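Structure below is entry.cif: mmCIF, C-alpha atoms.
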data_protein
loop_
_atom_site.label_atom_id
_atom_site.label_comp_id
_atom_site.auth_asym_id
_atom_site.auth_seq_id
_atom_site.Cartn_x
_atom_site.Cartn_y
_atom_site.Cartn_z
CA MET Z 8 21.83 -35.90 -16.68
CA PRO Z 9 18.20 -35.31 -15.68
CA THR Z 10 15.84 -33.68 -18.12
CA PHE Z 11 12.83 -31.51 -17.33
CA ILE Z 12 10.07 -29.68 -19.15
CA PHE Z 13 9.36 -25.97 -18.93
CA LYS Z 14 6.73 -24.29 -21.09
CA GLU Z 15 6.37 -27.51 -23.08
CA GLN Z 16 10.07 -27.53 -23.98
CA LYS Z 17 12.54 -30.14 -22.87
CA TYR Z 18 15.76 -29.06 -21.13
CA GLN Z 19 18.73 -30.73 -19.49
CA ALA Z 20 20.00 -30.09 -16.00
CA ASN Z 21 23.22 -31.07 -14.27
CA GLU Z 22 23.17 -33.68 -11.51
CA ASN Z 23 21.83 -32.19 -8.27
CA GLN Z 24 21.20 -28.83 -9.87
CA THR Z 25 18.38 -26.72 -8.47
CA VAL Z 26 15.44 -25.98 -10.74
CA LEU Z 27 16.34 -22.29 -10.57
CA ASP Z 28 19.95 -22.84 -11.59
CA ALA Z 29 18.97 -25.29 -14.31
CA LEU Z 30 16.54 -22.78 -15.84
CA ILE Z 31 19.04 -19.94 -15.67
CA ASN Z 32 21.70 -22.24 -17.10
CA ASN Z 33 19.39 -22.87 -20.04
CA GLY Z 34 19.08 -19.16 -20.67
CA ILE Z 35 15.64 -18.76 -19.10
CA GLU Z 36 15.11 -15.69 -17.00
CA ILE Z 37 13.50 -16.45 -13.66
CA GLN Z 38 13.01 -13.83 -10.96
CA ASN Z 39 15.07 -14.66 -7.92
CA SER Z 40 16.76 -12.97 -5.07
CA CYS Z 41 17.79 -14.68 -1.83
CA ARG Z 42 18.32 -18.23 -3.08
CA SER Z 43 17.47 -19.43 0.41
CA GLY Z 44 13.77 -20.16 0.15
CA VAL Z 45 12.92 -16.95 1.96
CA CYS Z 46 12.07 -14.13 -0.41
CA GLN Z 47 9.48 -16.14 -2.41
CA SER Z 48 10.45 -14.47 -5.67
CA CYS Z 49 11.47 -17.68 -7.49
CA LEU Z 50 8.16 -19.47 -6.86
CA LEU Z 51 7.21 -21.91 -9.64
CA LYS Z 52 4.68 -24.73 -10.02
CA THR Z 53 4.83 -28.47 -10.72
CA GLU Z 54 2.71 -31.59 -10.39
CA SER Z 55 5.74 -33.67 -9.40
CA THR Z 56 6.45 -34.39 -5.73
CA VAL Z 57 8.83 -31.82 -4.30
CA GLU Z 58 11.07 -31.73 -1.25
CA SER Z 59 9.44 -30.34 1.87
CA LEU Z 60 12.14 -27.66 2.16
CA ALA Z 61 11.03 -26.32 -1.22
CA GLN Z 62 7.56 -25.58 0.19
CA LYS Z 63 8.50 -24.53 3.70
CA GLY Z 64 6.37 -21.63 4.90
CA LEU Z 65 3.82 -21.81 2.07
CA LYS Z 66 0.11 -22.00 2.81
CA ASP Z 67 -1.53 -25.42 2.50
CA THR Z 68 -3.52 -24.19 -0.49
CA GLN Z 69 -0.30 -23.16 -2.22
CA LYS Z 70 1.31 -26.52 -1.47
CA LYS Z 71 -1.73 -28.27 -2.87
CA GLU Z 72 -1.46 -26.22 -6.03
CA GLY Z 73 2.12 -27.47 -6.46
CA LEU Z 74 3.91 -24.19 -5.84
CA PHE Z 75 7.53 -24.49 -4.72
CA PHE Z 76 10.70 -22.44 -4.35
CA SER Z 77 12.82 -23.27 -7.38
CA CYS Z 78 16.00 -22.37 -5.52
CA GLN Z 79 15.35 -25.13 -2.98
CA GLN Z 80 14.39 -27.98 -5.28
CA THR Z 81 16.76 -30.18 -7.27
CA VAL Z 82 15.65 -31.22 -10.71
CA VAL Z 83 13.91 -34.60 -10.69
CA GLU Z 84 14.06 -36.58 -13.94
CA GLY Z 85 11.10 -35.79 -16.16
CA MET Z 86 9.53 -33.13 -13.96
CA GLU Z 87 7.33 -30.62 -15.68
CA ILE Z 88 7.61 -27.05 -14.44
CA PHE Z 89 5.16 -24.22 -14.86
CA GLU Z 90 5.10 -20.57 -13.93
CA CYS Z 91 2.82 -19.84 -10.96
CA HIS Z 92 0.02 -18.39 -13.02
CA GLU Z 93 0.48 -20.77 -15.86
CA SER Z 94 -2.16 -23.38 -16.40
CA ASN Z 95 -1.44 -27.03 -16.70
CA LYS Z 96 -4.92 -28.04 -17.87
CA SER Z 97 -7.08 -26.82 -20.68
CA SER Z 98 -10.40 -27.56 -22.28
CA VAL Z 99 -12.57 -26.39 -25.10
CA GLY Z 100 -15.65 -24.55 -23.88
CA VAL Z 101 -18.79 -23.31 -25.55
CA ILE Z 102 -20.55 -20.11 -24.54
CA ILE Z 103 -24.14 -21.06 -23.76
CA ALA Z 104 -25.48 -17.90 -22.11
CA GLN Z 105 -24.82 -14.17 -21.82
CA GLU Z 106 -27.11 -12.53 -19.27
CA PRO Z 107 -26.70 -8.90 -18.26
CA LEU Z 108 -26.51 -8.54 -14.48
CA SER Z 109 -26.23 -4.76 -14.48
CA ALA Z 110 -25.39 -1.91 -16.81
CA SER Z 111 -21.74 -2.94 -16.72
CA VAL Z 112 -21.60 -6.62 -15.78
CA VAL Z 113 -22.60 -9.62 -17.87
CA LEU Z 114 -22.90 -13.22 -16.70
CA VAL Z 115 -21.24 -15.57 -19.17
CA LYS Z 116 -21.92 -19.30 -18.93
CA ILE Z 117 -19.51 -21.70 -20.53
CA ASP Z 118 -20.06 -25.39 -21.11
CA ILE Z 119 -16.77 -27.15 -20.44
CA LYS Z 120 -16.30 -29.97 -22.92
CA ASP Z 121 -13.56 -31.83 -21.03
CA LYS Z 122 -15.52 -33.36 -18.16
CA SER Z 123 -12.33 -34.06 -16.22
CA PHE Z 124 -11.53 -30.33 -16.03
CA GLY Z 125 -11.90 -29.99 -12.25
CA TYR Z 126 -12.03 -26.65 -10.49
CA ASN Z 127 -12.90 -25.07 -7.20
CA ALA Z 128 -15.38 -22.20 -7.24
CA GLY Z 129 -13.51 -18.95 -6.61
CA GLN Z 130 -10.42 -19.96 -8.55
CA PHE Z 131 -9.86 -18.25 -11.87
CA ILE Z 132 -9.47 -19.55 -15.39
CA ASN Z 133 -7.94 -17.97 -18.44
CA LEU Z 134 -10.42 -17.48 -21.23
CA VAL Z 135 -8.70 -17.71 -24.61
CA ARG Z 136 -10.37 -16.49 -27.79
CA SER Z 137 -9.59 -18.16 -31.12
CA ASP Z 138 -7.26 -15.30 -32.06
CA GLY Z 139 -5.22 -15.93 -28.89
CA LEU Z 140 -6.57 -13.01 -26.85
CA CYS Z 141 -6.56 -14.17 -23.25
CA ARG Z 142 -8.01 -12.79 -20.00
CA PRO Z 143 -8.46 -14.22 -16.52
CA TYR Z 144 -11.94 -14.52 -14.99
CA SER Z 145 -13.04 -15.97 -11.67
CA ILE Z 146 -15.45 -18.88 -11.40
CA ALA Z 147 -18.62 -17.65 -9.72
CA ASN Z 148 -20.69 -20.84 -9.45
CA GLN Z 149 -20.36 -24.03 -7.40
CA SER Z 150 -17.53 -26.49 -7.75
CA GLY Z 151 -17.98 -29.76 -9.59
CA ARG Z 152 -20.24 -28.57 -12.39
CA ASN Z 153 -19.69 -28.91 -16.13
CA ILE Z 154 -20.82 -25.36 -16.73
CA ILE Z 155 -18.87 -22.45 -15.30
CA GLU Z 156 -20.23 -18.97 -14.72
CA LEU Z 157 -18.12 -15.83 -15.07
CA HIS Z 158 -18.96 -12.23 -14.20
CA VAL Z 159 -17.45 -10.01 -16.85
CA ARG Z 160 -17.22 -6.31 -16.17
CA ARG Z 161 -17.35 -4.24 -19.31
CA ILE Z 162 -14.22 -2.13 -19.43
CA PRO Z 163 -14.53 0.67 -22.02
CA GLY Z 164 -11.97 -0.15 -24.68
CA GLY Z 165 -11.34 -3.57 -23.14
CA VAL Z 166 -11.13 -5.89 -26.13
CA MET Z 167 -12.26 -9.09 -24.41
CA SER Z 168 -14.90 -7.58 -22.15
CA GLU Z 169 -16.50 -5.56 -24.96
CA TRP Z 170 -16.65 -8.76 -27.01
CA LEU Z 171 -18.21 -10.81 -24.22
CA TYR Z 172 -20.61 -8.03 -23.32
CA GLY Z 173 -21.66 -6.79 -26.72
CA ASP Z 174 -21.51 -9.56 -29.31
CA ASP Z 175 -23.97 -12.42 -29.63
CA LEU Z 176 -21.70 -15.32 -28.82
CA LEU Z 177 -24.06 -18.21 -28.18
CA GLY Z 178 -22.42 -21.36 -29.50
CA GLN Z 179 -19.04 -19.67 -29.72
CA GLU Z 180 -16.08 -21.95 -28.92
CA VAL Z 181 -13.38 -20.70 -26.59
CA LYS Z 182 -10.43 -22.29 -24.84
CA ILE Z 183 -10.28 -22.46 -21.06
CA THR Z 184 -7.02 -22.96 -19.19
CA GLY Z 185 -6.52 -23.28 -15.47
CA PRO Z 186 -7.86 -23.35 -12.85
CA ILE Z 187 -5.56 -21.17 -10.78
CA GLY Z 188 -5.57 -19.59 -7.33
CA GLU Z 189 -6.18 -20.24 -3.68
CA CYS Z 190 -9.44 -18.37 -3.12
CA TYR Z 191 -11.81 -21.28 -2.65
CA TYR Z 192 -13.82 -22.99 0.09
CA GLN Z 193 -12.51 -26.10 1.80
CA ASP Z 194 -14.17 -28.31 4.42
CA VAL Z 195 -11.38 -27.47 6.87
CA TYR Z 196 -12.97 -24.01 7.15
CA SER Z 197 -16.20 -25.49 8.53
CA ASP Z 198 -15.40 -24.36 12.10
CA GLN Z 199 -14.58 -20.84 10.91
CA ASP Z 200 -16.58 -17.69 10.38
CA LEU Z 201 -16.08 -16.62 6.78
CA LEU Z 202 -15.45 -12.98 5.95
CA LEU Z 203 -15.86 -12.36 2.22
CA VAL Z 204 -14.99 -8.88 0.97
CA GLY Z 205 -15.07 -7.77 -2.63
CA THR Z 206 -15.34 -4.75 -4.85
CA GLY Z 207 -16.84 -4.72 -8.35
CA THR Z 208 -16.68 -8.13 -10.01
CA GLY Z 209 -14.51 -9.21 -7.07
CA LEU Z 210 -17.95 -10.47 -6.09
CA ALA Z 211 -17.59 -13.34 -8.59
CA PRO Z 212 -15.09 -15.54 -6.72
CA LEU Z 213 -16.86 -14.69 -3.47
CA CYS Z 214 -20.17 -15.93 -4.91
CA GLY Z 215 -18.42 -19.19 -5.77
CA ILE Z 216 -17.02 -19.50 -2.26
CA LEU Z 217 -20.38 -18.60 -0.72
CA LEU Z 218 -22.31 -21.13 -2.79
CA ASP Z 219 -19.80 -23.89 -2.02
CA ALA Z 220 -19.94 -23.06 1.69
CA LEU Z 221 -23.74 -23.12 1.73
CA GLU Z 222 -23.79 -26.36 -0.23
CA SER Z 223 -21.41 -27.85 2.36
CA ASN Z 224 -23.87 -26.79 5.09
CA HIS Z 225 -21.39 -24.37 6.59
CA SER Z 226 -22.90 -23.65 10.00
CA LYS Z 227 -20.74 -20.77 11.23
CA LYS Z 228 -21.34 -17.18 10.18
CA ILE Z 229 -20.69 -16.01 6.64
CA TYR Z 230 -20.38 -12.27 6.06
CA LEU Z 231 -20.32 -11.02 2.49
CA HIS Z 232 -19.36 -7.37 2.00
CA HIS Z 233 -19.76 -6.08 -1.53
CA GLY Z 234 -18.52 -2.58 -2.22
CA ALA Z 235 -19.17 -0.44 -5.26
CA LEU Z 236 -18.77 3.16 -6.29
CA ASP Z 237 -22.51 3.67 -6.58
CA GLU Z 238 -25.73 1.69 -6.75
CA GLU Z 239 -25.14 0.79 -10.39
CA GLY Z 240 -21.97 -1.03 -9.43
CA LEU Z 241 -23.82 -3.46 -7.19
CA TYR Z 242 -25.37 -6.51 -8.81
CA TYR Z 243 -26.94 -9.79 -7.65
CA VAL Z 244 -28.51 -7.76 -4.84
CA GLU Z 245 -31.88 -9.53 -4.86
CA LYS Z 246 -30.32 -12.95 -5.30
CA LEU Z 247 -27.95 -12.42 -2.36
CA LYS Z 248 -30.72 -10.92 -0.21
CA SER Z 249 -32.87 -13.97 -0.74
CA LEU Z 250 -29.95 -16.28 0.05
CA ALA Z 251 -29.52 -14.32 3.28
CA ASN Z 252 -33.21 -14.81 4.05
CA GLU Z 253 -32.98 -18.54 3.48
CA ASN Z 254 -29.75 -18.96 5.45
CA PRO Z 255 -29.78 -17.33 8.88
CA ASN Z 256 -26.00 -17.72 9.25
CA PHE Z 257 -25.37 -15.72 6.08
CA GLU Z 258 -25.28 -11.96 6.17
CA TYR Z 259 -25.07 -9.85 3.00
CA ILE Z 260 -23.75 -6.32 3.45
CA PRO Z 261 -23.69 -4.23 0.26
CA ALA Z 262 -22.13 -0.79 0.47
CA VAL Z 263 -21.75 2.11 -1.91
CA LEU Z 264 -19.26 4.94 -1.75
CA LYS Z 265 -21.91 7.42 -2.89
CA GLY Z 266 -25.64 6.96 -2.84
CA ASP Z 267 -28.93 6.66 -1.04
CA SER Z 268 -28.27 5.79 2.57
CA ASP Z 269 -31.80 4.44 3.04
CA LYS Z 270 -31.08 1.49 0.78
CA TYR Z 271 -27.42 0.70 1.38
CA ASN Z 272 -24.56 1.35 3.72
CA VAL Z 273 -22.82 4.41 2.41
CA GLY Z 274 -19.10 4.65 2.91
CA ASN Z 275 -15.70 3.37 2.01
CA ILE Z 276 -15.58 -0.41 2.25
CA VAL Z 277 -12.14 -0.15 3.87
CA ASP Z 278 -13.66 1.85 6.73
CA ILE Z 279 -16.63 -0.48 6.93
CA ILE Z 280 -14.31 -3.47 7.44
CA LYS Z 281 -12.33 -1.44 9.97
CA GLU Z 282 -15.52 -1.06 12.03
CA ALA Z 283 -16.77 -4.61 11.51
CA LYS Z 284 -16.90 -6.93 14.50
CA LEU Z 285 -14.92 -10.11 13.89
CA ASN Z 286 -14.32 -13.26 15.80
CA VAL Z 287 -10.63 -12.84 14.97
CA LYS Z 288 -9.43 -16.15 16.36
CA ASP Z 289 -11.75 -18.15 14.14
CA THR Z 290 -12.28 -16.20 10.96
CA THR Z 291 -11.07 -17.11 7.50
CA THR Z 292 -11.05 -14.20 5.08
CA PHE Z 293 -11.26 -13.89 1.31
CA ILE Z 294 -10.66 -10.49 -0.30
CA CYS Z 295 -11.06 -9.91 -4.03
CA GLY Z 296 -11.20 -6.98 -6.40
CA ASP Z 297 -9.39 -3.67 -6.76
CA PRO Z 298 -5.70 -4.27 -5.87
CA ASP Z 299 -5.27 -1.20 -3.64
CA ILE Z 300 -8.45 -1.95 -1.70
CA VAL Z 301 -7.48 -5.61 -1.39
CA LYS Z 302 -4.11 -4.61 0.04
CA ALA Z 303 -5.64 -2.14 2.50
CA ILE Z 304 -8.29 -4.61 3.72
CA LYS Z 305 -5.76 -7.42 4.08
CA GLU Z 306 -3.79 -5.20 6.38
CA ILE Z 307 -6.83 -4.15 8.40
CA VAL Z 308 -8.01 -7.72 8.89
CA PHE Z 309 -4.51 -8.80 9.87
CA LEU Z 310 -4.15 -5.91 12.33
CA LYS Z 311 -7.49 -6.83 13.88
CA GLY Z 312 -5.83 -10.12 14.79
CA VAL Z 313 -6.67 -12.58 12.02
CA SER Z 314 -3.67 -14.79 11.27
CA SER Z 315 -2.04 -14.12 7.92
CA LYS Z 316 -2.45 -17.83 7.14
CA LYS Z 317 -6.22 -17.32 7.13
CA ILE Z 318 -6.23 -14.37 4.76
CA PHE Z 319 -6.65 -15.23 1.08
CA SER Z 320 -6.83 -12.67 -1.67
CA ASP Z 321 -7.18 -12.21 -5.38
CA PRO Z 322 -6.31 -8.71 -6.55
CA PHE Z 323 -7.84 -8.01 -9.97
CA VAL Z 324 -5.35 -6.25 -12.16
CA ILE Z 325 -6.94 -5.10 -15.39
CA SER Z 326 -5.47 -7.06 -18.31
CA LYS Z 327 -2.14 -7.32 -16.60
CA LYS Z 328 -2.63 -10.50 -14.67
CA THR Z 329 -0.22 -13.03 -16.14
CA CYS Z 330 -2.11 -15.02 -18.66
CA SER Z 331 -0.26 -17.93 -20.17
CA VAL Z 332 -1.85 -20.32 -22.57
CA MET J 12 22.17 -27.99 27.06
CA SER J 13 19.25 -26.61 25.13
CA THR J 14 19.77 -23.74 22.73
CA LEU J 15 18.23 -20.30 22.92
CA TYR J 16 16.08 -21.20 19.90
CA GLU J 17 14.70 -24.31 21.61
CA ASP J 18 14.18 -22.41 24.87
CA ILE J 19 12.07 -19.80 23.19
CA GLY J 20 9.96 -22.47 21.55
CA GLY J 21 11.47 -23.15 18.13
CA GLU J 22 9.58 -22.68 14.89
CA ALA J 23 6.15 -22.41 16.51
CA ALA J 24 7.40 -19.49 18.58
CA VAL J 25 8.86 -17.84 15.49
CA ASP J 26 5.52 -18.18 13.71
CA ALA J 27 3.68 -16.63 16.63
CA ALA J 28 6.28 -13.90 17.01
CA VAL J 29 6.22 -12.91 13.33
CA GLU J 30 2.50 -12.20 13.46
CA ILE J 31 2.72 -10.12 16.64
CA PHE J 32 5.88 -8.35 15.55
CA TYR J 33 4.57 -7.45 12.11
CA ARG J 34 1.34 -6.06 13.59
CA LYS J 35 3.44 -3.75 15.73
CA VAL J 36 5.62 -2.70 12.81
CA LEU J 37 2.64 -1.83 10.60
CA VAL J 38 1.22 0.65 13.10
CA ASP J 39 4.44 2.18 14.42
CA ASP J 40 4.62 5.75 13.14
CA ARG J 41 8.41 5.75 13.31
CA ILE J 42 8.92 2.92 10.84
CA LYS J 43 5.67 1.92 9.13
CA SER J 44 6.44 3.95 6.01
CA PHE J 45 9.31 1.59 5.22
CA PHE J 46 6.83 -1.27 4.98
CA ASN J 47 4.06 0.42 3.00
CA ASP J 48 4.81 -0.85 -0.45
CA VAL J 49 5.73 -4.42 0.33
CA ASP J 50 3.68 -7.52 -0.19
CA MET J 51 2.50 -8.83 3.18
CA GLU J 52 3.27 -12.51 2.56
CA LYS J 53 6.74 -11.86 1.21
CA GLN J 54 7.53 -9.43 3.98
CA MET J 55 6.44 -11.89 6.65
CA ALA J 56 8.52 -14.65 5.07
CA LYS J 57 11.58 -12.41 5.32
CA GLN J 58 10.80 -11.47 8.89
CA LYS J 59 10.42 -15.11 9.77
CA SER J 60 13.89 -15.72 8.47
CA PHE J 61 15.21 -12.75 10.42
CA LEU J 62 13.53 -13.83 13.66
CA THR J 63 14.83 -17.38 13.23
CA PHE J 64 18.28 -15.85 13.06
CA ALA J 65 17.69 -13.53 16.02
CA PHE J 66 16.34 -16.42 18.09
CA GLY J 67 19.60 -18.25 17.49
CA GLY J 68 17.91 -20.74 15.15
CA SER J 69 20.38 -20.25 12.33
CA SER J 70 23.97 -19.11 12.45
CA LYS J 71 23.44 -16.52 9.77
CA TYR J 72 20.50 -14.62 8.38
CA SER J 73 19.52 -16.70 5.39
CA GLY J 74 18.44 -14.18 2.89
CA LYS J 75 20.18 -11.63 0.76
CA SER J 76 23.02 -10.09 2.72
CA MET J 77 21.65 -7.69 5.31
CA LYS J 78 23.43 -4.84 3.56
CA ASP J 79 21.99 -5.57 0.11
CA ALA J 80 18.53 -6.24 1.48
CA HIS J 81 18.35 -2.84 3.16
CA SER J 82 20.35 -0.59 0.83
CA HIS J 83 17.18 0.74 -0.85
CA LEU J 84 15.81 1.60 2.60
CA VAL J 85 19.02 3.37 3.60
CA GLU J 86 18.58 5.45 0.45
CA ARG J 87 15.09 6.29 1.70
CA GLY J 88 16.50 7.49 5.01
CA LEU J 89 16.81 4.43 7.23
CA VAL J 90 18.97 5.38 10.22
CA ASP J 91 19.86 4.16 13.72
CA SER J 92 16.65 5.43 15.32
CA HIS J 93 14.59 3.18 13.01
CA VAL J 94 16.68 0.18 13.97
CA ASP J 95 16.15 1.18 17.61
CA ALA J 96 12.42 1.04 17.01
CA VAL J 97 12.61 -2.41 15.41
CA VAL J 98 14.68 -3.76 18.29
CA GLU J 99 12.23 -2.24 20.78
CA LEU J 100 9.24 -3.85 19.03
CA LEU J 101 11.08 -7.16 18.93
CA GLY J 102 11.57 -6.97 22.70
CA GLU J 103 7.90 -6.10 23.26
CA THR J 104 6.86 -9.02 21.07
CA LEU J 105 8.89 -11.47 23.13
CA LYS J 106 7.54 -10.04 26.37
CA GLU J 107 4.02 -10.67 25.11
CA LEU J 108 5.03 -14.25 24.42
CA ASP J 109 6.27 -14.56 28.02
CA VAL J 110 9.90 -15.06 27.08
CA ALA J 111 12.20 -14.50 30.08
CA ASP J 112 14.11 -11.23 30.27
CA ASP J 113 17.56 -12.82 30.00
CA LYS J 114 16.50 -14.64 26.82
CA ILE J 115 15.09 -11.43 25.38
CA GLN J 116 18.44 -9.83 26.07
CA GLN J 117 20.20 -12.57 24.14
CA VAL J 118 17.85 -12.13 21.17
CA VAL J 119 18.42 -8.38 21.21
CA THR J 120 22.17 -8.93 21.25
CA ILE J 121 21.98 -11.14 18.15
CA ALA J 122 19.70 -8.65 16.38
CA GLU J 123 22.07 -5.81 17.29
CA SER J 124 24.96 -7.73 15.74
CA VAL J 125 23.67 -6.93 12.25
CA ARG J 126 22.86 -3.24 12.87
CA GLY J 127 26.00 -2.07 11.06
CA GLN J 128 25.27 -4.24 8.03
CA VAL J 129 21.63 -3.17 7.87
CA LEU J 130 22.66 0.48 7.84
CA GLY J 131 25.39 -0.18 5.29
CA ARG J 132 28.26 0.70 7.57
CA GLU J 133 29.96 -2.70 7.44
#
Please rewrite the model in this file as structure tokens.
Amino acid sequence: MPTFIFKEQKYQANENQTVLDALINNGIEIQNSCRSGVCQSCLLKTESTVESLAQKGLKDTQKKEGLFFSCQQTVVEGMEIFECHESNKSSVGVIIAQEPLSASVVLVKIDIKDKSFGYNAGQFINLVRSDGLCRPYSIANQSGRNIIELHVRRIPGGVMSEWLYGDDLLGQEVKITGPIGECYYQDVYSDQDLLLVGTGTGLAPLCGILLDALESNHSKKIYLHHGALDEEGLYYVEKLKSLANENPNFEYIPAVLKGDSDKYNVGNIVDIIKEAKLNVKDTTTFICGDPDIVKAIKEIVFLKGVSSKKIFSDPFVISKKTCSV
Amino acid sequence: MSTLYEDIGGEAAVDAAVEIFYRKVLVDDRIKSFFNDVDMEKQMAKQKSFLTFAFGGSSKYSGKSMKDAHSHLVERGLVDSHVDAVVELLGETLKELDVADDKIQQVVTIAESVRGQVLGRE
């Protein structure tokens, strides 16, 4: 009988049993519904090779990440299975900088001790404090570095964000697990216009994507829309403006819901995207930030004619995003 | 003899049809409210399965049973006129993809075959 590992525990499966059935048989609750590889509710993750049927219809980025439908995959001897948002890598990190970017956002730099901890800018990691408190943050600087940069928005009463914002943490050790997610730049997008839309610290993964694209000499247009409630909510304005000056193909479009219309676009970012001109056949889109806004903009971009396969998103759910250590 | 599914263009045609069809659904005042609170990717995966079935690509709809999958919508007021709208949009989608009228008719017939189950009558 084949054995497999789930959450670092070893289990047994019956011959030819699906991963889903084997987990349920072992008393583990896994969301599922259609059992036909359609509804996507039983999606899990592995580094083992899976059958093509178990990934049918998934985006290439999801396949690369090892996601698969557990109802369509038989247990392979020794396979290790993770939940989608569970991390299969971890490293110790040391906080080496805390720089305020605005009245509510702090840039936290972390030196990753495990040099083999690879990541793509725009993916997120789980930051784990020594007491086990864990929150997801997006990687805002280029891929392939040993130091990662996070934009932490201070949430009043938010235990982790208050700690990262307020306390002097230089030299502090933390644990990093991940990386997770499909919001990142790939060379296959080089013939595409990039539409990056974010609210609040949804700017963080977009910065990562932008910097990777520029470093790869992306020659098509890159539009970055950053929306905030008011002027205080915008940050990195000068930095992004100067990047736009240096790179004629990059356009930075900050917008505030309320504020001085001489300095910024004033209006709802959803409406701004609705009005935006897009080369819909050749645009790849990344949308990050407030979940309701992300959902609305996804729909708008799709209705404009961008294929759903070219729309990537990362909705930020405050302290609810699954965070497994 | 080739099958209806092959005639229409197989999986590539389904992929193209899902995108066009779902764009129509999302803006149709008669039915869009039934799709408001669903995740776009999951919804499109289900519609792909449904269209594969309607195009004759699988003998049965491979998902939850049509009745179970729609019972919560029936509770929210899903009735024949909504199914009419879906069938109409399906036909329009195929027309846009230059599928011949007689093939469209066959697809509509297959889609109609599950109307009773969708509405919980069977």
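Minimum atom-to-atom distance to Val49 of chain J, evaluated using all atoms listed in the file, belongs to J:Leu84 out of J:Val25, J:Glu133, J:Ser92, J:Leu84.
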Item checked: Residue nearest Phe32 of chain J among J:Thr104, J:Ser82, J:Thr14, J:Asn47 (counting all atoms listed in the file) -> J:Thr104
Would you list which chain Z residues are within 9 Å of chain J using all atoms listed in the file, as a JSON list (two decimals) with C-alpha atoms, in the frame of the given file?
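Here's the written file result-v8.json:
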[["chain", "number", "residue", "atom", "x", "y", "z"],
["Z", 40, "SER", "CA", 16.76, -12.97, -5.07],
["Z", 41, "CYS", "CA", 17.79, -14.68, -1.83],
["Z", 42, "ARG", "CA", 18.32, -18.23, -3.08],
["Z", 43, "SER", "CA", 17.47, -19.43, 0.41],
["Z", 44, "GLY", "CA", 13.77, -20.16, 0.15],
["Z", 45, "VAL", "CA", 12.92, -16.95, 1.96],
["Z", 46, "CYS", "CA", 12.07, -14.13, -0.41],
["Z", 47, "GLN", "CA", 9.48, -16.14, -2.41],
["Z", 48, "SER", "CA", 10.45, -14.47, -5.67],
["Z", 64, "GLY", "CA", 6.37, -21.63, 4.90],
["Z", 302, "LYS", "CA", -4.11, -4.61, 0.04],
["Z", 305, "LYS", "CA", -5.76, -7.42, 4.08],
["Z", 306, "GLU", "CA", -3.79, -5.20, 6.38],
["Z", 309, "PHE", "CA", -4.51, -8.80, 9.87],
["Z", 310, "LEU", "CA", -4.15, -5.91, 12.33],
["Z", 311, "LYS", "CA", -7.49, -6.83, 13.88],
["Z", 312, "GLY", "CA", -5.83, -10.12, 14.79],
["Z", 314, "SER", "CA", -3.67, -14.79, 11.27],
["Z", 315, "SER", "CA", -2.04, -14.12, 7.92]]
Please evaluate the PyMOL selection byres ((chain Z and resi 300) around 10) against the structure above and give the resulting residues as a PDB file with C-alpha atoms, in the coordinates of the input.
ATOM      1  CA  VAL Z 204     -14.990  -8.880   0.970  1.00  0.00           C
ATOM      2  CA  GLY Z 205     -15.070  -7.770  -2.630  1.00  0.00           C
ATOM      3  CA  THR Z 206     -15.340  -4.750  -4.850  1.00  0.00           C
ATOM      4  CA  ASN Z 275     -15.700   3.370   2.010  1.00  0.00           C
ATOM      5  CA  ILE Z 276     -15.580  -0.410   2.250  1.00  0.00           C
ATOM      6  CA  VAL Z 277     -12.140  -0.150   3.870  1.00  0.00           C
ATOM      7  CA  ILE Z 294     -10.660 -10.490  -0.300  1.00  0.00           C
ATOM      8  CA  CYS Z 295     -11.060  -9.910  -4.030  1.00  0.00           C
ATOM      9  CA  GLY Z 296     -11.200  -6.980  -6.400  1.00  0.00           C
ATOM     10  CA  ASP Z 297      -9.390  -3.670  -6.760  1.00  0.00           C
ATOM     11  CA  PRO Z 298      -5.700  -4.270  -5.870  1.00  0.00           C
ATOM     12  CA  ASP Z 299      -5.270  -1.200  -3.640  1.00  0.00           C
ATOM     13  CA  VAL Z 301      -7.480  -5.610  -1.390  1.00  0.00           C
ATOM     14  CA  LYS Z 302      -4.110  -4.610   0.040  1.00  0.00           C
ATOM     15  CA  ALA Z 303      -5.640  -2.140   2.500  1.00  0.00           C
ATOM     16  CA  ILE Z 304      -8.290  -4.610   3.720  1.00  0.00           C
ATOM     17  CA  LYS Z 305      -5.760  -7.420   4.080  1.00  0.00           C
ATOM     18  CA  GLU Z 306      -3.790  -5.200   6.380  1.00  0.00           C
ATOM     19  CA  PRO Z 322      -6.310  -8.710  -6.550  1.00  0.00           C
TER      20      PRO Z 322
END
Next item on the list: Would you mind listing what lies within 10 Å of Glu103 of chain J as a list in words, with all atoms listed in the file counted and same-chain residues fewer than 4 positions away left out?
Entry: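 Counting all atoms listed in the file, the residues come to Ile31, Phe32, Lys35, Val97, Val98, Glu99, Glu107, Leu108, Asp109, Val110 and Ile115 of chain J.
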Notebook entry, point to check: At what distance in Å, to one decimal, does atom CA of Arg136 of chain Z lie from atom CA of Gln149 of chain Z?
Noted result: 23.9 Å
Next item on the list: Figure out the distance between atom CA of Lys248 of chain Z and atom CA of His225 of chain Z, please, to one decimal in Å.
Entry: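 Distance reported for this atom pair: 17.7 Å.
Atom CA of Glu156 of chain Z sits 17.1 Å away from atom CA of Ser123 of chain Z.
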Margin query: For the provided coordinates, the residues matched by the PyMOL selection byres ((chain J and resi 19) around 12) should be stated as number ranges by chain.
Written below: J: 13-18, 20-28, 62-63, 65-68, 105-106, 108-115, 117-118
